[in-house]
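The structure under discussion appears below in the form of structure tokens.
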Amino acid sequence: MSEAQSLKAATAEEAEQLRIKYLSKKGILNDLMSEFRNVPGEMKKEVGMRINELKTMLNDRINELKDSVQSQQQAGDDLDLTRTPYPVRLGTRHPLTIVRNEIVDIFSRLGFVLAEGPEVEDDWHVYSSMNFADDHPARDMQDTFFVEAHPDIILRSHTSSVQARVMETQKPPIRVICPGRVYRNEAISARAHCFFHQVEGLYIDKNVSFTDLKQVLLLFAQEMFGPDTKIRLRPSYFPFTEPSAEMDISCHLCGGTGCSFCKHTGWVEILGCGMVDPAVLEANGIDAQEYTGYAFGMGIERITNLKYQVKDLRMFSENDTRFLDEFTAAN
Ligand code: DAH
């Protein structure tokens, strides 16, 4: 009986051998049956019961072994070691990364090289070296995040700080494109966020003129928004450029005829720019008699909104995969 319980089989073949050995016509059990006639009458009942019990036990055990080797074999058949983990879900690039890369790409083709600076900055690089007067409103607590206990250490509120970082370490000619995250103390809404992204451009050399700036920006606008895109520059003010301008592009949704997107003006604003103020060059150790330069700065969210009509800025930082999945094709 205990022998029946401890029977083992690793394959279907072995289980079948056991069946033949114990339960077939020429098997051990049948041998026992044929001995049965020699059992004395008074013991027949007892021995018969034991033989039946043994038969059931062997039957059960061998069937059990057959089932278990069969299911093991099935599991083995399904095991495909060449198969990749499944399903493989490929992520998508974030829309802001897609647009950032596109902007950097366009300027790289024009000879601009990538430069980056820290997000935690000091007042000098963000404001003083960029010609912000001590009482300029942008230094106000309303705009800037201060790092606690260090009134001089702040989160940069624009990527113009990278201009200063580059000027203090490189000699002209300088031609850099500087993407990065910036922070402002704003209430979060569909149209404003406490952090967003900018790309700064800076070109310093001998005889750099406003015409060069305009031509490069026209080329950028046409690469980014299509060859029929027109640009216009409106006079503006920034502490670090003189003269300064804001640039509009012809509305790429209506082609400039006027629609609700461009508030029926035919134009949408995309960036700020200007000639680097000589005071900025001097503050950063560059001889303003010898060199001139231009600079520009744009918001990546703004450009992305124009390209993809994202209505709510908060979508960019919520990481809702239904939103992100929409950009799979643009990857
Ligand atoms: N720093 C400006 C801002 O955050 C953007 C800007 C405007 C950058 C004009 C420039 C520039 O380099 O020339 O609003």
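For the structure tokens, the naming scheme is as follows: chains receive sequential letters (A, B, ...) according to their order of presentation, residues are indexed from 1 within each chain, and ligands are indexed from 1 in presentation order.
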- Message: Please find the residues contacting ligand 1 at a distance of at most 9 Å between atoms, with only C-alpha atoms and all ligand atoms counted, and report them as an MDAnalysis selection string.
- Response: chainID A and resid 157:161 163 182 198:202 237:242 244:246 271:276 294:299
- Message: When DSSP is applied to the backbone of this structure, which of segment 1-244 of chain A are assigned helix (DSSP H, G or I)? Write them out as an MDAnalysis selection string.
- Response: chainID A and resid 2:5 12:23 28:38 41:78 95:109 123:126 128:130 137:139 160:169 210:225
- Query: So what do you get for atom CA of Cys178 of chain A versus atom CA of Asp287 of chain A, distance-wise?
  - Reply: 22.5 Å
- Give me every strand (DSSP E or B) residue in segment 61-156 of chain A, going by DSSP on the backbone, as a VMD selection string. chain A and resid 113 to 114 120 to 122 146 to 147 150 to 155
Dump as a PDB file, in the first residue's frame, selection limited to C-alpha atoms:
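Dumped to out-v3.pdb:
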```
ATOM      1  CA  VAL A 113      25.500  74.944 -29.971  1.00  0.00           C
ATOM      2  CA  LEU A 114      23.663  73.673 -26.908  1.00  0.00           C
ATOM      3  CA  VAL A 120      18.889  76.971  -8.736  1.00  0.00           C
ATOM      4  CA  GLU A 121      20.716  80.210  -9.462  1.00  0.00           C
ATOM      5  CA  ASP A 122      21.994  83.335  -7.765  1.00  0.00           C
ATOM      6  CA  PHE A 146      13.653  82.310  -3.085  1.00  0.00           C
ATOM      7  CA  VAL A 147      15.493  79.386  -1.612  1.00  0.00           C
ATOM      8  CA  HIS A 150      19.342  82.501   1.231  1.00  0.00           C
ATOM      9  CA  PRO A 151      17.914  85.733  -0.193  1.00  0.00           C
ATOM     10  CA  ASP A 152      20.589  85.539  -2.890  1.00  0.00           C
ATOM     11  CA  ILE A 153      19.790  81.988  -4.007  1.00  0.00           C
ATOM     12  CA  ILE A 154      16.719  81.704  -6.207  1.00  0.00           C
ATOM     13  CA  LEU A 155      15.030  79.464  -8.746  1.00  0.00           C
TER      14      LEU A 155
END
```
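Distance annotation: of A:Gly117, A:Arg232, A:Lys307, A:Ser317, the residue with the minimal separation from Gly180 of chain A is A:Gly117; atom set is only C-alpha atoms.
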Hey, what's within 12 Å of Thr97 of chain A if we count only C-alpha atoms and toss same-chain stuff fewer than 5 positions away? As a CSV table (one decimal) with N, CA, C and O atoms, in the first residue's frame, please?
```csv
chain,number,residue,atom,x,y,z
A,92,THR,N,5.9,57.4,-25.0
A,92,THR,CA,6.1,58.5,-26.0
A,92,THR,C,6.9,59.6,-25.4
A,92,THR,O,7.0,59.8,-24.2
A,102,GLU,N,12.9,70.0,-31.5
A,102,GLU,CA,12.7,70.6,-32.8
A,102,GLU,C,13.4,72.0,-32.9
A,102,GLU,O,14.0,72.3,-33.8
A,103,ILE,N,13.1,72.8,-31.8
A,103,ILE,CA,13.7,74.1,-31.8
A,103,ILE,C,15.2,74.0,-31.8
A,103,ILE,O,15.9,74.7,-32.6
A,104,VAL,N,15.8,73.2,-30.9
A,104,VAL,CA,17.2,73.0,-30.8
A,104,VAL,C,17.8,72.6,-32.1
A,104,VAL,O,18.9,73.1,-32.6
A,105,ASP,N,17.1,71.6,-32.8
A,105,ASP,CA,17.5,71.1,-34.1
A,105,ASP,C,17.7,72.2,-35.1
A,105,ASP,O,18.6,72.3,-35.9
A,179,PRO,N,18.0,75.6,-23.8
A,179,PRO,CA,16.7,75.2,-23.4
A,179,PRO,C,16.7,74.9,-21.9
A,179,PRO,O,17.8,74.5,-21.3
A,180,GLY,N,15.6,75.1,-21.2
A,180,GLY,CA,15.6,74.8,-19.8
A,180,GLY,C,14.3,75.1,-19.1
A,180,GLY,O,13.4,75.8,-19.6
A,181,ARG,N,14.2,74.7,-17.8
A,181,ARG,CA,13.0,74.9,-17.0
A,181,ARG,C,13.2,76.2,-16.2
A,181,ARG,O,14.3,76.4,-15.7
A,197,HIS,N,8.9,76.2,-19.4
A,197,HIS,CA,10.2,76.0,-20.1
A,197,HIS,C,10.4,77.1,-21.2
A,197,HIS,O,9.5,77.5,-21.8
A,198,GLN,N,11.7,77.4,-21.3
A,198,GLN,CA,12.1,78.4,-22.3
A,198,GLN,C,13.3,77.9,-23.1
A,198,GLN,O,14.0,77.0,-22.7
A,199,VAL,N,13.5,78.6,-24.2
A,199,VAL,CA,14.7,78.4,-25.0
A,199,VAL,C,15.3,79.8,-25.2
A,199,VAL,O,14.6,80.7,-25.7
A,300,ILE,N,8.6,77.4,-24.4
A,300,ILE,CA,8.3,76.1,-25.2
A,300,ILE,C,6.8,75.7,-25.1
A,300,ILE,O,6.3,75.3,-26.1
A,301,GLU,N,6.2,76.0,-24.0
A,301,GLU,CA,4.8,75.7,-23.8
A,301,GLU,C,4.0,76.5,-24.9
A,301,GLU,O,3.0,76.0,-25.5
A,303,ILE,N,5.0,77.7,-27.8
A,303,ILE,CA,5.2,77.2,-29.2
A,303,ILE,C,4.4,75.9,-29.3
A,303,ILE,O,3.8,75.6,-30.4
A,304,THR,N,4.4,75.1,-28.3
A,304,THR,CA,3.7,73.8,-28.3
A,304,THR,C,2.2,74.0,-28.5
A,304,THR,O,1.5,73.3,-29.2
A,316,PHE,N,0.4,69.7,-19.4
A,316,PHE,CA,1.8,69.4,-19.6
A,316,PHE,C,2.5,68.7,-18.4
A,316,PHE,O,3.5,68.1,-18.5
A,324,LEU,N,-0.7,62.2,-23.3
A,324,LEU,CA,0.7,61.9,-23.8
A,324,LEU,C,0.6,61.0,-25.0
A,324,LEU,O,1.4,61.2,-26.0
A,327,PHE,N,0.7,62.1,-28.7
A,327,PHE,CA,1.9,62.6,-29.4
A,327,PHE,C,2.7,61.5,-29.9
A,327,PHE,O,3.9,61.8,-30.4
A,330,ALA,N,4.1,62.1,-33.3
A,330,ALA,CA,5.0,63.2,-33.5
A,330,ALA,C,6.4,62.9,-33.0
A,330,ALA,O,7.4,63.6,-33.2
A,331,ASN,N,6.6,61.7,-32.4
A,331,ASN,CA,7.8,61.3,-31.7
A,331,ASN,C,9.0,61.4,-32.7
A,331,ASN,O,9.0,60.9,-33.8
```
- Item | Near-Val280 of chain A list (9 Å; only C-alpha atoms; drop same-chain fewer than 4 positions) as number ranges by chain | A: 129-131, 164, 240-241, 276, 284-286, 288
- Name the closest residue to Leu219 of chain A among the candidates A:Pro235, A:Asp143, A:Ala138, A:Ile249; distances are taken between atoms, counting only C-alpha atoms. A:Ile249
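With distances restricted to only C-alpha atoms, A:Ser250 is the closest residue to Trp267 of chain A from A:Ser34, A:Ser236, A:Gln73, A:Ser250.
Take the candidates A:Val126, A:Val310, A:Ala133, A:Arg139 and check each one against Arg156 of chain A using only C-alpha atoms; the shortest distance goes to A:Val126.
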- Which distance in Å separates atom CA of Arg165 of chain A and atom CA of Tyr291 of chain A, to one decimal? 17.5 Å
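Take atom CA of Asn305 of chain A and atom CA of Leu233 of chain A: the distance between them is 20.5 Å.
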- Message: Set the distance at 8 Å and use only C-alpha atoms: which residues neighbour Tyr203 of chain A once local chain neighbours fewer than 6 positions away are removed? I'd like the list as JSON, numbers by chain.
- Response: {"A": [173, 174, 175, 176, 293, 294, 295]}
- Item | Residues within 12 Å of segment 254-266 of chain A, only C-alpha atoms, excluding chain neighbours under 6 positions, as a list in words | Phe225, Gly226, Pro227, Asp228, Thr229, Lys230, Ile231, Arg232, Asp248, Asn305, Leu306, Lys307, Gln309, Val310 and Lys311 of chain A
Residue selection dump (all heavy atoms) as a short mmCIF file (atom, residue, chain, number, x, y, z; two decimals), in the first residue's frame:
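Writing the result to again-v8.cif gives the following:
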```cif
data_model
loop_
_atom_site.label_atom_id
_atom_site.label_comp_id
_atom_site.auth_asym_id
_atom_site.auth_seq_id
_atom_site.Cartn_x
_atom_site.Cartn_y
_atom_site.Cartn_z
N PHE A 225 6.88 76.55 -38.43
CA PHE A 225 5.45 76.66 -38.70
C PHE A 225 5.09 76.60 -40.18
O PHE A 225 3.94 76.79 -40.53
CB PHE A 225 4.90 77.96 -38.08
CG PHE A 225 4.98 77.97 -36.58
CD1 PHE A 225 5.99 78.66 -35.93
CD2 PHE A 225 4.05 77.27 -35.81
CE1 PHE A 225 6.07 78.67 -34.55
CE2 PHE A 225 4.13 77.27 -34.44
CZ PHE A 225 5.14 77.97 -33.80
N GLY A 226 6.06 76.36 -41.05
CA GLY A 226 5.76 76.21 -42.47
C GLY A 226 6.30 77.38 -43.28
O GLY A 226 6.44 78.50 -42.77
N PRO A 227 6.62 77.12 -44.56
CA PRO A 227 7.34 78.08 -45.40
C PRO A 227 6.56 79.37 -45.71
O PRO A 227 7.17 80.36 -46.12
CB PRO A 227 7.63 77.30 -46.68
CG PRO A 227 6.72 76.12 -46.65
CD PRO A 227 6.40 75.83 -45.23
N ASP A 228 5.25 79.35 -45.51
CA ASP A 228 4.48 80.57 -45.83
C ASP A 228 4.38 81.52 -44.63
O ASP A 228 3.75 82.57 -44.72
CB ASP A 228 3.06 80.20 -46.28
CG ASP A 228 3.11 79.38 -47.56
OD1 ASP A 228 4.06 79.58 -48.35
OD2 ASP A 228 2.22 78.51 -47.74
N THR A 229 4.98 81.11 -43.52
CA THR A 229 4.86 81.91 -42.30
C THR A 229 5.54 83.28 -42.46
O THR A 229 6.66 83.37 -42.97
CB THR A 229 5.50 81.15 -41.11
OG1 THR A 229 4.97 79.83 -41.09
CG2 THR A 229 5.25 81.84 -39.79
N LYS A 230 4.84 84.31 -42.03
CA LYS A 230 5.44 85.66 -42.02
C LYS A 230 5.73 86.06 -40.58
O LYS A 230 5.12 85.51 -39.67
CB LYS A 230 4.45 86.68 -42.63
CG LYS A 230 4.15 86.43 -44.09
CD LYS A 230 3.20 87.51 -44.59
CE LYS A 230 2.69 87.19 -45.98
NZ LYS A 230 1.97 85.90 -46.06
N ILE A 231 6.67 86.97 -40.41
CA ILE A 231 6.93 87.46 -39.05
C ILE A 231 6.77 88.98 -39.01
O ILE A 231 6.86 89.66 -40.04
CB ILE A 231 8.36 87.10 -38.56
CG1 ILE A 231 9.44 87.77 -39.42
CG2 ILE A 231 8.56 85.61 -38.51
CD1 ILE A 231 10.84 87.70 -38.81
N ARG A 232 6.50 89.50 -37.82
CA ARG A 232 6.57 90.95 -37.63
C ARG A 232 7.16 91.23 -36.25
O ARG A 232 6.94 90.47 -35.31
CB ARG A 232 5.20 91.61 -37.81
CG ARG A 232 4.29 91.50 -36.63
CD ARG A 232 3.02 92.32 -36.80
NE ARG A 232 2.18 92.15 -35.62
CZ ARG A 232 0.94 92.59 -35.52
NH1 ARG A 232 0.34 93.20 -36.53
NH2 ARG A 232 0.26 92.41 -34.40
N ASP A 248 5.85 88.42 -33.62
CA ASP A 248 4.61 87.70 -33.93
C ASP A 248 4.84 86.88 -35.19
O ASP A 248 5.65 87.26 -36.03
CB ASP A 248 3.47 88.68 -34.22
CG ASP A 248 3.14 89.57 -33.03
OD1 ASP A 248 3.48 89.20 -31.89
OD2 ASP A 248 2.53 90.64 -33.26
N ASN A 305 1.72 75.00 -27.71
CA ASN A 305 0.30 75.34 -27.80
C ASN A 305 -0.06 75.78 -29.21
O ASN A 305 -1.13 75.44 -29.73
CB ASN A 305 -0.05 76.47 -26.84
CG ASN A 305 -0.13 75.96 -25.42
OD1 ASN A 305 -0.15 74.76 -25.20
ND2 ASN A 305 -0.17 76.87 -24.46
N LEU A 306 0.82 76.55 -29.82
CA LEU A 306 0.53 77.02 -31.17
C LEU A 306 0.51 75.85 -32.16
O LEU A 306 -0.32 75.78 -33.05
CB LEU A 306 1.58 78.04 -31.63
CG LEU A 306 1.59 79.38 -30.89
CD1 LEU A 306 2.66 80.30 -31.41
CD2 LEU A 306 0.23 80.05 -31.00
N LYS A 307 1.44 74.90 -31.95
CA LYS A 307 1.52 73.77 -32.88
C LYS A 307 0.39 72.77 -32.67
O LYS A 307 -0.13 72.19 -33.60
CB LYS A 307 2.86 73.04 -32.71
CG LYS A 307 3.98 73.68 -33.48
CD LYS A 307 5.11 72.71 -33.73
CE LYS A 307 4.90 72.00 -35.05
NZ LYS A 307 6.11 71.83 -35.85
N GLN A 309 -2.36 73.18 -30.24
CA GLN A 309 -3.58 73.71 -29.62
C GLN A 309 -3.92 73.05 -28.28
O GLN A 309 -5.04 72.58 -28.06
CB GLN A 309 -4.79 73.59 -30.56
CG GLN A 309 -4.79 74.61 -31.69
CD GLN A 309 -4.09 74.06 -32.92
OE1 GLN A 309 -4.50 73.03 -33.41
NE2 GLN A 309 -3.07 74.72 -33.39
N VAL A 310 -2.93 72.96 -27.42
CA VAL A 310 -3.20 72.46 -26.07
C VAL A 310 -3.82 73.63 -25.30
O VAL A 310 -3.20 74.68 -25.15
CB VAL A 310 -1.91 71.98 -25.37
CG1 VAL A 310 -2.19 71.49 -23.97
CG2 VAL A 310 -1.24 70.90 -26.20
N LYS A 311 -5.06 73.44 -24.83
CA LYS A 311 -5.79 74.58 -24.27
C LYS A 311 -5.41 74.90 -22.82
O LYS A 311 -5.59 76.01 -22.35
CB LYS A 311 -7.30 74.30 -24.35
CG LYS A 311 -7.80 74.14 -25.78
CD LYS A 311 -8.38 75.45 -26.31
CE LYS A 311 -8.36 75.54 -27.82
NZ LYS A 311 -8.92 74.40 -28.52
#
```
- For segment 55-57 of chain A, list every protein, DNA or RNA residue within 9 Å, evaluated using only C-alpha atoms, and leave out those in the same chain fewer than 4 positions away; present the list as an MDAnalysis selection string. chainID A and resid 1 4:5 22:23 29 50:51 61:62
